[in-house]
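Peer 1: Just one file: model02.cif, with mmCIF, N, CA and C atoms and all ligand atoms.
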data_data
#
loop_
_atom_site.label_atom_id
_atom_site.label_comp_id
_atom_site.auth_asym_id
_atom_site.auth_seq_id
_atom_site.Cartn_x
_atom_site.Cartn_y
_atom_site.Cartn_z
N MET A 1 -55.70 9.60 4.81
CA MET A 1 -54.29 9.98 4.70
C MET A 1 -53.40 8.87 5.28
N LYS A 2 -52.43 8.43 4.51
CA LYS A 2 -51.54 7.36 4.99
C LYS A 2 -50.62 7.88 6.09
N LYS A 3 -50.48 7.05 7.11
CA LYS A 3 -49.61 7.41 8.23
C LYS A 3 -48.32 6.60 8.11
N ILE A 4 -47.24 7.30 7.87
CA ILE A 4 -45.95 6.62 7.66
C ILE A 4 -44.91 7.24 8.59
N ILE A 5 -44.12 6.38 9.19
CA ILE A 5 -43.03 6.89 10.05
C ILE A 5 -41.68 6.40 9.55
N ILE A 6 -40.73 7.33 9.55
CA ILE A 6 -39.34 6.98 9.26
C ILE A 6 -38.65 6.80 10.60
N ILE A 7 -38.02 5.65 10.80
CA ILE A 7 -37.28 5.40 12.04
C ILE A 7 -35.81 5.21 11.68
N ASN A 8 -34.97 6.07 12.23
CA ASN A 8 -33.54 6.02 11.96
C ASN A 8 -32.76 5.60 13.20
N GLY A 9 -31.80 4.72 13.00
CA GLY A 9 -30.98 4.21 14.09
C GLY A 9 -29.70 5.01 14.33
N PRO A 10 -28.74 4.40 15.00
CA PRO A 10 -27.57 5.09 15.51
C PRO A 10 -26.70 5.77 14.45
N ASN A 11 -26.24 6.93 14.83
CA ASN A 11 -25.30 7.75 14.05
C ASN A 11 -25.95 8.46 12.85
N LEU A 12 -27.20 8.16 12.59
CA LEU A 12 -27.85 8.82 11.45
C LEU A 12 -28.24 10.26 11.80
N ASN A 13 -28.14 10.63 13.08
CA ASN A 13 -28.29 12.03 13.47
C ASN A 13 -27.11 12.86 12.96
N LEU A 14 -26.05 12.18 12.56
CA LEU A 14 -24.85 12.90 12.09
C LEU A 14 -24.82 13.07 10.57
N LEU A 15 -25.89 12.68 9.90
CA LEU A 15 -25.90 12.81 8.44
C LEU A 15 -25.59 14.25 8.05
N GLY A 16 -24.77 14.39 7.03
CA GLY A 16 -24.34 15.73 6.62
C GLY A 16 -22.89 15.93 6.98
N LYS A 17 -22.51 15.44 8.18
CA LYS A 17 -21.09 15.55 8.54
C LYS A 17 -20.41 14.20 8.70
N ARG A 18 -21.19 13.14 8.71
CA ARG A 18 -20.62 11.80 8.89
C ARG A 18 -20.23 11.20 7.54
N GLU A 19 -18.95 10.90 7.36
CA GLU A 19 -18.46 10.24 6.14
C GLU A 19 -19.26 10.67 4.90
N PRO A 20 -19.17 11.95 4.53
CA PRO A 20 -20.00 12.45 3.42
C PRO A 20 -19.74 11.74 2.09
N ASN A 21 -18.55 11.13 1.97
CA ASN A 21 -18.27 10.38 0.73
C ASN A 21 -19.18 9.16 0.60
N ILE A 22 -19.66 8.65 1.74
CA ILE A 22 -20.57 7.49 1.72
C ILE A 22 -22.02 7.94 1.86
N TYR A 23 -22.26 8.88 2.79
CA TYR A 23 -23.64 9.19 3.16
C TYR A 23 -24.15 10.54 2.63
N GLY A 24 -23.29 11.27 1.90
CA GLY A 24 -23.72 12.54 1.33
C GLY A 24 -23.58 13.71 2.30
N SER A 25 -23.85 14.91 1.82
CA SER A 25 -23.59 16.09 2.64
C SER A 25 -24.87 16.80 3.09
N LEU A 26 -26.01 16.19 2.81
CA LEU A 26 -27.29 16.76 3.25
C LEU A 26 -27.59 16.26 4.65
N THR A 27 -28.12 17.14 5.51
CA THR A 27 -28.56 16.67 6.82
C THR A 27 -29.90 15.96 6.64
N PHE A 28 -30.26 15.11 7.60
CA PHE A 28 -31.53 14.41 7.43
C PHE A 28 -32.70 15.38 7.50
N THR A 29 -32.59 16.38 8.34
CA THR A 29 -33.67 17.37 8.46
C THR A 29 -33.90 18.09 7.14
N GLU A 30 -32.81 18.45 6.46
CA GLU A 30 -32.95 19.12 5.15
C GLU A 30 -33.70 18.22 4.18
N PHE A 31 -33.29 16.96 4.16
CA PHE A 31 -33.94 15.99 3.27
C PHE A 31 -35.40 15.78 3.66
N TYR A 32 -35.63 15.61 4.96
CA TYR A 32 -36.97 15.34 5.47
C TYR A 32 -37.94 16.48 5.13
N ASP A 33 -37.46 17.71 5.25
CA ASP A 33 -38.29 18.88 4.93
C ASP A 33 -38.74 18.85 3.47
N THR A 34 -37.83 18.50 2.56
CA THR A 34 -38.21 18.48 1.14
C THR A 34 -39.20 17.35 0.86
N VAL A 35 -39.02 16.21 1.53
CA VAL A 35 -39.94 15.08 1.34
C VAL A 35 -41.34 15.44 1.87
N LYS A 36 -41.37 16.11 3.02
CA LYS A 36 -42.66 16.51 3.60
C LYS A 36 -43.41 17.44 2.65
N GLU A 37 -42.67 18.34 2.03
CA GLU A 37 -43.27 19.28 1.08
C GLU A 37 -43.77 18.56 -0.16
N LYS A 38 -43.02 17.57 -0.59
CA LYS A 38 -43.34 16.83 -1.83
C LYS A 38 -44.54 15.91 -1.66
N TYR A 39 -44.76 15.43 -0.44
CA TYR A 39 -45.88 14.50 -0.20
C TYR A 39 -46.81 15.05 0.88
N PRO A 40 -47.52 16.16 0.54
CA PRO A 40 -48.37 16.78 1.56
C PRO A 40 -49.55 15.91 1.98
N ASN A 41 -49.85 14.89 1.16
CA ASN A 41 -50.99 14.02 1.50
C ASN A 41 -50.60 12.80 2.31
N VAL A 42 -49.37 12.80 2.79
CA VAL A 42 -48.92 11.72 3.65
C VAL A 42 -48.70 12.30 5.05
N ALA A 43 -49.24 11.61 6.06
CA ALA A 43 -48.96 12.03 7.44
C ALA A 43 -47.63 11.39 7.81
N LEU A 44 -46.57 12.16 7.59
CA LEU A 44 -45.22 11.63 7.74
C LEU A 44 -44.63 12.04 9.08
N GLU A 45 -44.00 11.08 9.74
CA GLU A 45 -43.32 11.38 11.00
C GLU A 45 -41.90 10.86 10.93
N TYR A 46 -41.08 11.38 11.85
CA TYR A 46 -39.67 11.00 11.87
C TYR A 46 -39.20 10.79 13.30
N PHE A 47 -38.46 9.72 13.51
CA PHE A 47 -37.90 9.43 14.83
C PHE A 47 -36.48 8.92 14.64
N GLN A 48 -35.57 9.41 15.47
CA GLN A 48 -34.18 8.90 15.43
C GLN A 48 -33.73 8.62 16.85
N SER A 49 -33.01 7.51 17.02
CA SER A 49 -32.38 7.25 18.31
C SER A 49 -31.10 6.48 18.12
N ASN A 50 -30.19 6.71 19.04
CA ASN A 50 -28.94 5.94 19.06
C ASN A 50 -29.05 4.73 19.98
N ILE A 51 -30.24 4.58 20.58
CA ILE A 51 -30.42 3.57 21.62
C ILE A 51 -31.33 2.44 21.12
N GLU A 52 -30.82 1.24 21.17
CA GLU A 52 -31.53 0.07 20.62
C GLU A 52 -32.95 -0.08 21.19
N GLY A 53 -33.06 0.00 22.52
CA GLY A 53 -34.37 -0.19 23.17
C GLY A 53 -35.38 0.88 22.76
N GLU A 54 -34.90 2.09 22.54
CA GLU A 54 -35.82 3.16 22.11
C GLU A 54 -36.35 2.90 20.71
N LEU A 55 -35.51 2.30 19.88
CA LEU A 55 -35.95 1.96 18.52
C LEU A 55 -37.01 0.85 18.59
N ILE A 56 -36.78 -0.12 19.47
CA ILE A 56 -37.75 -1.21 19.65
C ILE A 56 -39.07 -0.64 20.18
N ASP A 57 -38.99 0.25 21.17
CA ASP A 57 -40.21 0.89 21.70
C ASP A 57 -40.99 1.58 20.59
N LYS A 58 -40.30 2.31 19.74
CA LYS A 58 -40.97 3.08 18.67
C LYS A 58 -41.58 2.14 17.63
N ILE A 59 -40.88 1.05 17.32
CA ILE A 59 -41.42 0.07 16.36
C ILE A 59 -42.71 -0.53 16.93
N GLN A 60 -42.68 -0.88 18.21
CA GLN A 60 -43.88 -1.45 18.86
C GLN A 60 -45.03 -0.44 18.88
N GLU A 61 -44.67 0.80 19.23
CA GLU A 61 -45.66 1.87 19.37
C GLU A 61 -46.39 2.18 18.06
N SER A 62 -45.64 2.16 16.95
CA SER A 62 -46.26 2.51 15.66
C SER A 62 -46.74 1.27 14.91
N GLY A 63 -46.35 0.11 15.38
CA GLY A 63 -46.52 -1.12 14.61
C GLY A 63 -47.91 -1.71 14.51
N PHE A 64 -48.90 -1.08 15.20
CA PHE A 64 -50.25 -1.60 15.11
C PHE A 64 -51.24 -0.55 14.61
N SER A 65 -50.75 0.65 14.32
CA SER A 65 -51.68 1.71 13.90
C SER A 65 -51.21 2.47 12.65
N TYR A 66 -49.93 2.38 12.31
CA TYR A 66 -49.44 3.12 11.14
C TYR A 66 -49.60 2.26 9.88
N ASP A 67 -49.59 2.95 8.73
CA ASP A 67 -49.70 2.22 7.45
C ASP A 67 -48.35 1.71 6.96
N GLY A 68 -47.29 2.33 7.43
CA GLY A 68 -45.98 1.89 6.97
C GLY A 68 -44.86 2.41 7.86
N ILE A 69 -43.82 1.61 7.98
CA ILE A 69 -42.61 2.04 8.69
C ILE A 69 -41.44 1.94 7.71
N VAL A 70 -40.70 3.03 7.60
CA VAL A 70 -39.47 3.05 6.81
C VAL A 70 -38.33 2.98 7.83
N LEU A 71 -37.64 1.88 7.86
CA LEU A 71 -36.67 1.64 8.94
C LEU A 71 -35.24 1.55 8.41
N ASN A 72 -34.41 2.50 8.88
CA ASN A 72 -32.97 2.35 8.70
C ASN A 72 -32.38 2.14 10.09
N ALA A 73 -32.18 0.89 10.45
CA ALA A 73 -31.68 0.57 11.79
C ALA A 73 -30.17 0.76 11.87
N ALA A 74 -29.57 1.24 10.77
CA ALA A 74 -28.12 1.51 10.72
C ALA A 74 -27.33 0.30 11.23
N ALA A 75 -26.36 0.52 12.10
CA ALA A 75 -25.48 -0.59 12.52
C ALA A 75 -26.25 -1.70 13.22
N TYR A 76 -27.38 -1.37 13.87
CA TYR A 76 -28.18 -2.41 14.55
C TYR A 76 -28.79 -3.41 13.58
N THR A 77 -28.87 -3.02 12.31
CA THR A 77 -29.34 -3.95 11.28
C THR A 77 -28.55 -5.25 11.35
N HIS A 78 -27.25 -5.09 11.56
CA HIS A 78 -26.33 -6.22 11.45
C HIS A 78 -26.13 -6.96 12.77
N THR A 79 -26.72 -6.44 13.85
CA THR A 79 -26.43 -7.03 15.17
C THR A 79 -27.66 -7.35 16.00
N SER A 80 -28.80 -6.69 15.70
CA SER A 80 -29.88 -6.71 16.69
C SER A 80 -30.99 -7.72 16.41
N ILE A 81 -30.95 -8.82 17.14
CA ILE A 81 -32.04 -9.80 17.08
C ILE A 81 -33.29 -9.15 17.65
N GLY A 82 -33.13 -8.27 18.65
CA GLY A 82 -34.27 -7.59 19.27
C GLY A 82 -35.06 -6.73 18.28
N ILE A 83 -34.36 -6.00 17.44
CA ILE A 83 -35.05 -5.17 16.43
C ILE A 83 -35.68 -6.08 15.38
N GLY A 84 -34.97 -7.13 15.01
CA GLY A 84 -35.53 -8.11 14.06
C GLY A 84 -36.81 -8.72 14.60
N ASP A 85 -36.81 -9.09 15.88
CA ASP A 85 -38.00 -9.67 16.50
C ASP A 85 -39.15 -8.67 16.56
N ALA A 86 -38.84 -7.40 16.82
CA ALA A 86 -39.87 -6.36 16.88
C ALA A 86 -40.55 -6.22 15.51
N VAL A 87 -39.75 -6.24 14.46
CA VAL A 87 -40.29 -6.13 13.10
C VAL A 87 -41.21 -7.32 12.81
N LYS A 88 -40.82 -8.47 13.32
CA LYS A 88 -41.63 -9.68 13.12
C LYS A 88 -42.93 -9.63 13.93
N ALA A 89 -42.87 -8.97 15.08
CA ALA A 89 -44.00 -8.98 16.02
C ALA A 89 -45.16 -8.07 15.61
N ILE A 90 -44.87 -7.05 14.84
CA ILE A 90 -45.89 -6.03 14.56
C ILE A 90 -46.71 -6.35 13.31
N GLU A 91 -47.76 -5.54 13.09
CA GLU A 91 -48.62 -5.75 11.91
C GLU A 91 -48.28 -4.81 10.76
N THR A 92 -47.81 -3.61 11.09
CA THR A 92 -47.48 -2.62 10.06
C THR A 92 -46.31 -3.11 9.20
N PRO A 93 -46.46 -3.03 7.87
CA PRO A 93 -45.34 -3.43 7.02
C PRO A 93 -44.13 -2.50 7.17
N VAL A 94 -42.97 -3.11 7.15
CA VAL A 94 -41.71 -2.37 7.32
C VAL A 94 -40.89 -2.48 6.03
N ILE A 95 -40.43 -1.34 5.54
CA ILE A 95 -39.45 -1.36 4.45
C ILE A 95 -38.09 -1.04 5.08
N GLU A 96 -37.16 -1.94 4.89
CA GLU A 96 -35.78 -1.72 5.37
C GLU A 96 -35.05 -0.86 4.34
N VAL A 97 -34.47 0.22 4.79
CA VAL A 97 -33.69 1.04 3.85
C VAL A 97 -32.27 1.26 4.35
N HIS A 98 -31.38 1.46 3.39
CA HIS A 98 -30.01 1.88 3.68
C HIS A 98 -29.60 2.90 2.63
N ILE A 99 -28.83 3.86 3.09
CA ILE A 99 -28.35 4.91 2.19
C ILE A 99 -27.30 4.33 1.24
N SER A 100 -26.39 3.56 1.82
CA SER A 100 -25.31 2.98 1.03
C SER A 100 -25.68 1.58 0.57
N ASN A 101 -24.94 1.09 -0.41
CA ASN A 101 -25.11 -0.30 -0.84
C ASN A 101 -24.29 -1.17 0.11
N THR A 102 -24.96 -1.69 1.11
CA THR A 102 -24.26 -2.44 2.16
C THR A 102 -23.57 -3.69 1.61
N PHE A 103 -24.05 -4.18 0.47
CA PHE A 103 -23.42 -5.39 -0.11
C PHE A 103 -22.10 -5.08 -0.81
N GLY A 104 -21.85 -3.82 -1.06
CA GLY A 104 -20.60 -3.41 -1.67
C GLY A 104 -19.58 -3.00 -0.62
N ARG A 105 -19.94 -3.18 0.65
CA ARG A 105 -19.05 -2.73 1.73
C ARG A 105 -18.53 -3.94 2.53
N GLU A 106 -18.10 -3.71 3.76
CA GLU A 106 -17.50 -4.78 4.55
C GLU A 106 -18.47 -5.96 4.70
N GLU A 107 -17.89 -7.14 4.84
CA GLU A 107 -18.65 -8.39 4.97
C GLU A 107 -19.70 -8.32 6.10
N PHE A 108 -19.33 -7.68 7.24
CA PHE A 108 -20.28 -7.67 8.37
C PHE A 108 -21.55 -6.88 8.05
N ARG A 109 -21.51 -6.06 7.01
CA ARG A 109 -22.72 -5.30 6.63
C ARG A 109 -23.63 -6.10 5.69
N HIS A 110 -23.21 -7.30 5.32
CA HIS A 110 -24.03 -8.11 4.40
C HIS A 110 -25.14 -8.84 5.15
N GLN A 111 -24.97 -8.94 6.47
CA GLN A 111 -25.95 -9.64 7.30
C GLN A 111 -27.00 -8.64 7.80
N SER A 112 -28.29 -9.04 7.72
CA SER A 112 -29.36 -8.20 8.28
C SER A 112 -30.32 -9.06 9.07
N TYR A 113 -30.63 -8.60 10.29
CA TYR A 113 -31.63 -9.29 11.11
C TYR A 113 -33.04 -8.79 10.80
N ILE A 114 -33.15 -7.86 9.85
CA ILE A 114 -34.45 -7.24 9.55
C ILE A 114 -35.05 -7.78 8.24
N SER A 115 -34.18 -7.98 7.25
CA SER A 115 -34.66 -8.30 5.89
C SER A 115 -35.69 -9.41 5.82
N ALA A 116 -35.48 -10.48 6.57
CA ALA A 116 -36.36 -11.66 6.46
C ALA A 116 -37.81 -11.31 6.78
N ASN A 117 -38.02 -10.31 7.63
CA ASN A 117 -39.38 -9.96 8.02
C ASN A 117 -39.84 -8.61 7.48
N ALA A 118 -39.02 -8.03 6.62
CA ALA A 118 -39.42 -6.76 6.00
C ALA A 118 -40.30 -7.04 4.79
N LYS A 119 -41.12 -6.05 4.44
CA LYS A 119 -41.92 -6.19 3.22
C LYS A 119 -40.99 -6.11 2.01
N GLY A 120 -39.97 -5.28 2.14
CA GLY A 120 -39.00 -5.12 1.07
C GLY A 120 -37.77 -4.42 1.59
N VAL A 121 -36.74 -4.40 0.76
CA VAL A 121 -35.47 -3.76 1.14
C VAL A 121 -35.04 -2.83 0.01
N ILE A 122 -34.69 -1.60 0.37
CA ILE A 122 -34.21 -0.63 -0.64
C ILE A 122 -32.88 -0.09 -0.15
N LEU A 123 -31.84 -0.25 -0.95
CA LEU A 123 -30.53 0.22 -0.49
C LEU A 123 -29.66 0.69 -1.64
N GLY A 124 -28.78 1.62 -1.28
CA GLY A 124 -27.78 2.05 -2.23
C GLY A 124 -28.16 3.26 -3.07
N PHE A 125 -29.32 3.85 -2.81
CA PHE A 125 -29.77 5.00 -3.61
C PHE A 125 -29.59 6.32 -2.87
N GLY A 126 -28.70 6.35 -1.88
CA GLY A 126 -28.52 7.56 -1.09
C GLY A 126 -29.80 7.84 -0.31
N LEU A 127 -30.04 9.10 -0.02
CA LEU A 127 -31.26 9.44 0.73
C LEU A 127 -32.52 9.13 -0.06
N GLN A 128 -32.37 8.99 -1.36
CA GLN A 128 -33.52 8.64 -2.21
C GLN A 128 -34.10 7.28 -1.83
N SER A 129 -33.30 6.44 -1.18
CA SER A 129 -33.82 5.14 -0.71
C SER A 129 -35.07 5.34 0.14
N TYR A 130 -35.05 6.39 0.99
CA TYR A 130 -36.21 6.65 1.87
C TYR A 130 -37.43 7.04 1.03
N GLU A 131 -37.18 7.88 0.02
CA GLU A 131 -38.30 8.37 -0.80
C GLU A 131 -38.92 7.22 -1.58
N LEU A 132 -38.09 6.32 -2.09
CA LEU A 132 -38.61 5.16 -2.83
C LEU A 132 -39.46 4.30 -1.92
N ALA A 133 -39.04 4.19 -0.66
CA ALA A 133 -39.82 3.40 0.31
C ALA A 133 -41.18 4.05 0.55
N ILE A 134 -41.18 5.38 0.71
CA ILE A 134 -42.45 6.11 0.94
C ILE A 134 -43.36 5.90 -0.27
N GLN A 135 -42.78 6.05 -1.47
CA GLN A 135 -43.58 5.88 -2.70
C GLN A 135 -44.20 4.49 -2.75
N SER A 136 -43.48 3.50 -2.28
CA SER A 136 -44.01 2.12 -2.34
C SER A 136 -45.23 1.96 -1.44
N PHE A 137 -45.35 2.80 -0.43
CA PHE A 137 -46.50 2.72 0.48
C PHE A 137 -47.72 3.49 -0.03
N ILE A 138 -47.49 4.41 -1.00
CA ILE A 138 -48.62 5.28 -1.40
C ILE A 138 -49.13 5.00 -2.83
C1 LIG A 201 -26.45 2.24 6.86
C2 LIG A 201 -25.47 1.10 6.59
C3 LIG A 201 -25.00 0.47 7.89
O1 LIG A 201 -24.10 -0.59 7.61
C4 LIG A 201 -24.28 1.49 8.74
O2 LIG A 201 -23.92 0.93 9.98
C5 LIG A 201 -25.06 2.75 8.91
C6 LIG A 201 -25.85 3.28 7.81
C7 LIG A 201 -26.85 2.98 5.57
O3 LIG A 201 -27.86 3.66 5.60
O4 LIG A 201 -26.14 2.89 4.56
O5 LIG A 201 -24.98 3.40 9.96
O6 LIG A 201 -27.63 1.69 7.43
#
I need this file expressed as structure tokens, please.
Ligand code: DQA
Peer 2:
Amino acid sequence: MKKIIIINGPNLNLLGKREPNIYGSLTFTEFYDTVKEKYPNVALEYFQSNIEGELIDKIQESGFSYDGIVLNAAAYTHTSIGIGDAVKAIETPVIEVHISNTFGREEFRHQSYISANAKGVILGFGLQSYELAIQSFI
């Protein structure tokens, strides 16, 4: 059974009520429950933190034993050399995902410290971006 973890960064705990015109009106838990049901043969886990260091800890912790990491580092994507370095340091392949098409938004969202060391990048498909990433691992 493939072991895959979804790691979500800051403010993604507010999905459902945060700027629904951009991020949709589903909570992440609602979405996660349907994905878990749809892929019963995947050992799927979920972690969210608003704290940069906790995200780095989780990447390190899962980065040598899991089959895949689906990472939406949210705003830290555009600022965090530390998260970028963590992705580079581990063995588990990381798919960078974003709900919105960051290239269609403000200039500061065009920069990513993760992409260069990710296996791939999926963005702009709403919450489906996560599902496409999971599918790519299985
Ligand atoms: C995001 C895009 C980021 O620019 C933003 O800071 C987020 C969410 C997305 O999933 O579209 O918090 O990662």
Peer 1: Closest to Ile5 (chain A) among A:Tyr39, A:Tyr66, A:Tyr76, A:Tyr23, using only C-alpha atoms?
Peer 2: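 Closest to Ile5 (chain A) of all the choices is A:Tyr66.
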Peer 1: Near region 43-53 of chain A, counting only C-alpha atoms, which residues have an atom at most 10 Å away, once you skip same-chain residues fewer than 5 positions from it, shown as a PDB file with N, CA and C atoms, in the frame of the given file?
Peer 2:
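Output file selection_25.pdb follows:
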ATOM      1  N   MET A   1     -55.700   9.600   4.810  1.00  0.00           N
ATOM      2  CA  MET A   1     -54.290   9.980   4.700  1.00  0.00           C
ATOM      3  C   MET A   1     -53.400   8.870   5.280  1.00  0.00           C
ATOM      4  N   LYS A   2     -52.430   8.430   4.510  1.00  0.00           N
ATOM      5  CA  LYS A   2     -51.540   7.360   4.990  1.00  0.00           C
ATOM      6  C   LYS A   2     -50.620   7.880   6.090  1.00  0.00           C
ATOM      7  N   LYS A   3     -50.480   7.050   7.110  1.00  0.00           N
ATOM      8  CA  LYS A   3     -49.610   7.410   8.230  1.00  0.00           C
ATOM      9  C   LYS A   3     -48.320   6.600   8.110  1.00  0.00           C
ATOM     10  N   ILE A   4     -47.240   7.300   7.870  1.00  0.00           N
ATOM     11  CA  ILE A   4     -45.950   6.620   7.660  1.00  0.00           C
ATOM     12  C   ILE A   4     -44.910   7.240   8.590  1.00  0.00           C
ATOM     13  N   ILE A   5     -44.120   6.380   9.190  1.00  0.00           N
ATOM     14  CA  ILE A   5     -43.030   6.890  10.050  1.00  0.00           C
ATOM     15  C   ILE A   5     -41.680   6.400   9.550  1.00  0.00           C
ATOM     16  N   ILE A   6     -40.730   7.330   9.550  1.00  0.00           N
ATOM     17  CA  ILE A   6     -39.340   6.980   9.260  1.00  0.00           C
ATOM     18  C   ILE A   6     -38.650   6.800  10.600  1.00  0.00           C
ATOM     19  N   ILE A   7     -38.020   5.650  10.800  1.00  0.00           N
ATOM     20  CA  ILE A   7     -37.280   5.400  12.040  1.00  0.00           C
ATOM     21  C   ILE A   7     -35.810   5.210  11.680  1.00  0.00           C
ATOM     22  N   ASN A   8     -34.970   6.070  12.230  1.00  0.00           N
ATOM     23  CA  ASN A   8     -33.540   6.020  11.960  1.00  0.00           C
ATOM     24  C   ASN A   8     -32.760   5.600  13.200  1.00  0.00           C
ATOM     25  N   GLY A   9     -31.800   4.720  13.000  1.00  0.00           N
ATOM     26  CA  GLY A   9     -30.980   4.210  14.090  1.00  0.00           C
ATOM     27  C   GLY A   9     -29.700   5.010  14.330  1.00  0.00           C
ATOM     28  N   PRO A  10     -28.740   4.400  15.000  1.00  0.00           N
ATOM     29  CA  PRO A  10     -27.570   5.090  15.510  1.00  0.00           C
ATOM     30  C   PRO A  10     -26.700   5.770  14.450  1.00  0.00           C
ATOM     31  N   ASN A  11     -26.240   6.930  14.830  1.00  0.00           N
ATOM     32  CA  ASN A  11     -25.300   7.750  14.050  1.00  0.00           C
ATOM     33  C   ASN A  11     -25.950   8.460  12.850  1.00  0.00           C
ATOM     34  N   LEU A  12     -27.200   8.160  12.590  1.00  0.00           N
ATOM     35  CA  LEU A  12     -27.850   8.820  11.450  1.00  0.00           C
ATOM     36  C   LEU A  12     -28.240  10.260  11.800  1.00  0.00           C
ATOM     37  N   ASN A  13     -28.140  10.630  13.080  1.00  0.00           N
ATOM     38  CA  ASN A  13     -28.290  12.030  13.470  1.00  0.00           C
ATOM     39  C   ASN A  13     -27.110  12.860  12.960  1.00  0.00           C
ATOM     40  N   PHE A  28     -30.260  15.110   7.600  1.00  0.00           N
ATOM     41  CA  PHE A  28     -31.530  14.410   7.430  1.00  0.00           C
ATOM     42  C   PHE A  28     -32.700  15.380   7.500  1.00  0.00           C
ATOM     43  N   THR A  29     -32.590  16.380   8.340  1.00  0.00           N
ATOM     44  CA  THR A  29     -33.670  17.370   8.460  1.00  0.00           C
ATOM     45  C   THR A  29     -33.900  18.090   7.140  1.00  0.00           C
ATOM     46  N   TYR A  32     -35.630  15.610   4.960  1.00  0.00           N
ATOM     47  CA  TYR A  32     -36.970  15.340   5.470  1.00  0.00           C
ATOM     48  C   TYR A  32     -37.940  16.480   5.130  1.00  0.00           C
ATOM     49  N   VAL A  35     -39.020  16.210   1.530  1.00  0.00           N
ATOM     50  CA  VAL A  35     -39.940  15.080   1.340  1.00  0.00           C
ATOM     51  C   VAL A  35     -41.340  15.440   1.870  1.00  0.00           C
ATOM     52  N   LYS A  36     -41.370  16.110   3.020  1.00  0.00           N
ATOM     53  CA  LYS A  36     -42.660  16.510   3.600  1.00  0.00           C
ATOM     54  C   LYS A  36     -43.410  17.440   2.650  1.00  0.00           C
ATOM     55  N   LYS A  58     -40.300   2.310  19.740  1.00  0.00           N
ATOM     56  CA  LYS A  58     -40.970   3.080  18.670  1.00  0.00           C
ATOM     57  C   LYS A  58     -41.580   2.140  17.630  1.00  0.00           C
ATOM     58  N   ILE A  59     -40.880   1.050  17.320  1.00  0.00           N
ATOM     59  CA  ILE A  59     -41.420   0.070  16.360  1.00  0.00           C
ATOM     60  C   ILE A  59     -42.710  -0.530  16.930  1.00  0.00           C
ATOM     61  N   TYR A  66     -49.930   2.380  12.310  1.00  0.00           N
ATOM     62  CA  TYR A  66     -49.440   3.120  11.140  1.00  0.00           C
ATOM     63  C   TYR A  66     -49.600   2.260   9.880  1.00  0.00           C
ATOM     64  N   ASP A  67     -49.590   2.950   8.730  1.00  0.00           N
ATOM     65  CA  ASP A  67     -49.700   2.220   7.450  1.00  0.00           C
ATOM     66  C   ASP A  67     -48.350   1.710   6.960  1.00  0.00           C
ATOM     67  N   GLY A  68     -47.290   2.330   7.430  1.00  0.00           N
ATOM     68  CA  GLY A  68     -45.980   1.890   6.970  1.00  0.00           C
ATOM     69  C   GLY A  68     -44.860   2.410   7.860  1.00  0.00           C
ATOM     70  N   ILE A  69     -43.820   1.610   7.980  1.00  0.00           N
ATOM     71  CA  ILE A  69     -42.610   2.040   8.690  1.00  0.00           C
ATOM     72  C   ILE A  69     -41.440   1.940   7.710  1.00  0.00           C
ATOM     73  N   VAL A  70     -40.700   3.030   7.600  1.00  0.00           N
ATOM     74  CA  VAL A  70     -39.470   3.050   6.810  1.00  0.00           C
ATOM     75  C   VAL A  70     -38.330   2.980   7.830  1.00  0.00           C
ATOM     76  N   LEU A  71     -37.640   1.880   7.860  1.00  0.00           N
ATOM     77  CA  LEU A  71     -36.670   1.640   8.940  1.00  0.00           C
ATOM     78  C   LEU A  71     -35.240   1.550   8.410  1.00  0.00           C
ATOM     79  N   ASN A  72     -34.410   2.500   8.880  1.00  0.00           N
ATOM     80  CA  ASN A  72     -32.970   2.350   8.700  1.00  0.00           C
ATOM     81  C   ASN A  72     -32.380   2.140  10.090  1.00  0.00           C
ATOM     82  N   ALA A  73     -32.180   0.890  10.450  1.00  0.00           N
ATOM     83  CA  ALA A  73     -31.680   0.570  11.790  1.00  0.00           C
ATOM     84  C   ALA A  73     -30.170   0.760  11.870  1.00  0.00           C
ATOM     85  N   ALA A  74     -29.570   1.240  10.770  1.00  0.00           N
ATOM     86  CA  ALA A  74     -28.120   1.510  10.720  1.00  0.00           C
ATOM     87  C   ALA A  74     -27.330   0.300  11.230  1.00  0.00           C
ATOM     88  N   ALA A  75     -26.360   0.520  12.100  1.00  0.00           N
ATOM     89  CA  ALA A  75     -25.480  -0.590  12.520  1.00  0.00           C
ATOM     90  C   ALA A  75     -26.250  -1.700  13.220  1.00  0.00           C
ATOM     91  N   TYR A  76     -27.380  -1.370  13.870  1.00  0.00           N
ATOM     92  CA  TYR A  76     -28.180  -2.410  14.550  1.00  0.00           C
ATOM     93  C   TYR A  76     -28.790  -3.410  13.580  1.00  0.00           C
ATOM     94  N   SER A  80     -28.800  -6.690  15.700  1.00  0.00           N
ATOM     95  CA  SER A  80     -29.880  -6.710  16.690  1.00  0.00           C
ATOM     96  C   SER A  80     -30.990  -7.720  16.410  1.00  0.00           C
ATOM     97  N   GLY A  82     -33.130  -8.270  18.650  1.00  0.00           N
ATOM     98  CA  GLY A  82     -34.270  -7.590  19.270  1.00  0.00           C
ATOM     99  C   GLY A  82     -35.060  -6.730  18.280  1.00  0.00           C
ATOM    100  N   ILE A  83     -34.360  -6.000  17.440  1.00  0.00           N
ATOM    101  CA  ILE A  83     -35.050  -5.170  16.430  1.00  0.00           C
ATOM    102  C   ILE A  83     -35.680  -6.080  15.380  1.00  0.00           C
ATOM    103  N   ILE A 134     -41.180   5.380   0.710  1.00  0.00           N
ATOM    104  CA  ILE A 134     -42.450   6.110   0.940  1.00  0.00           C
ATOM    105  C   ILE A 134     -43.360   5.900  -0.270  1.00  0.00           C
TER     106      ILE A 134
END
Peer 1: Mind listing whatever residues come within 7 Å of the point (-45.0, -4.6, 8.9)? Use only N, CA and C atoms, file coordinates, and give them as an MDAnalysis selection string.
Peer 2: chainID A and resid 63 68:69 87 90:95 117:119
Peer 1: Any residue with an atom at most 10 Å from ligand LIG 201 (chain A) counts, using only C-alpha atoms and all ligand atoms. Which are they? Put them as a VMD selection string.
Peer 2: chain A and resid 8 to 15 18 22 to 23 71 to 79 96 to 103 105 to 112 122 to 127 129 to 130
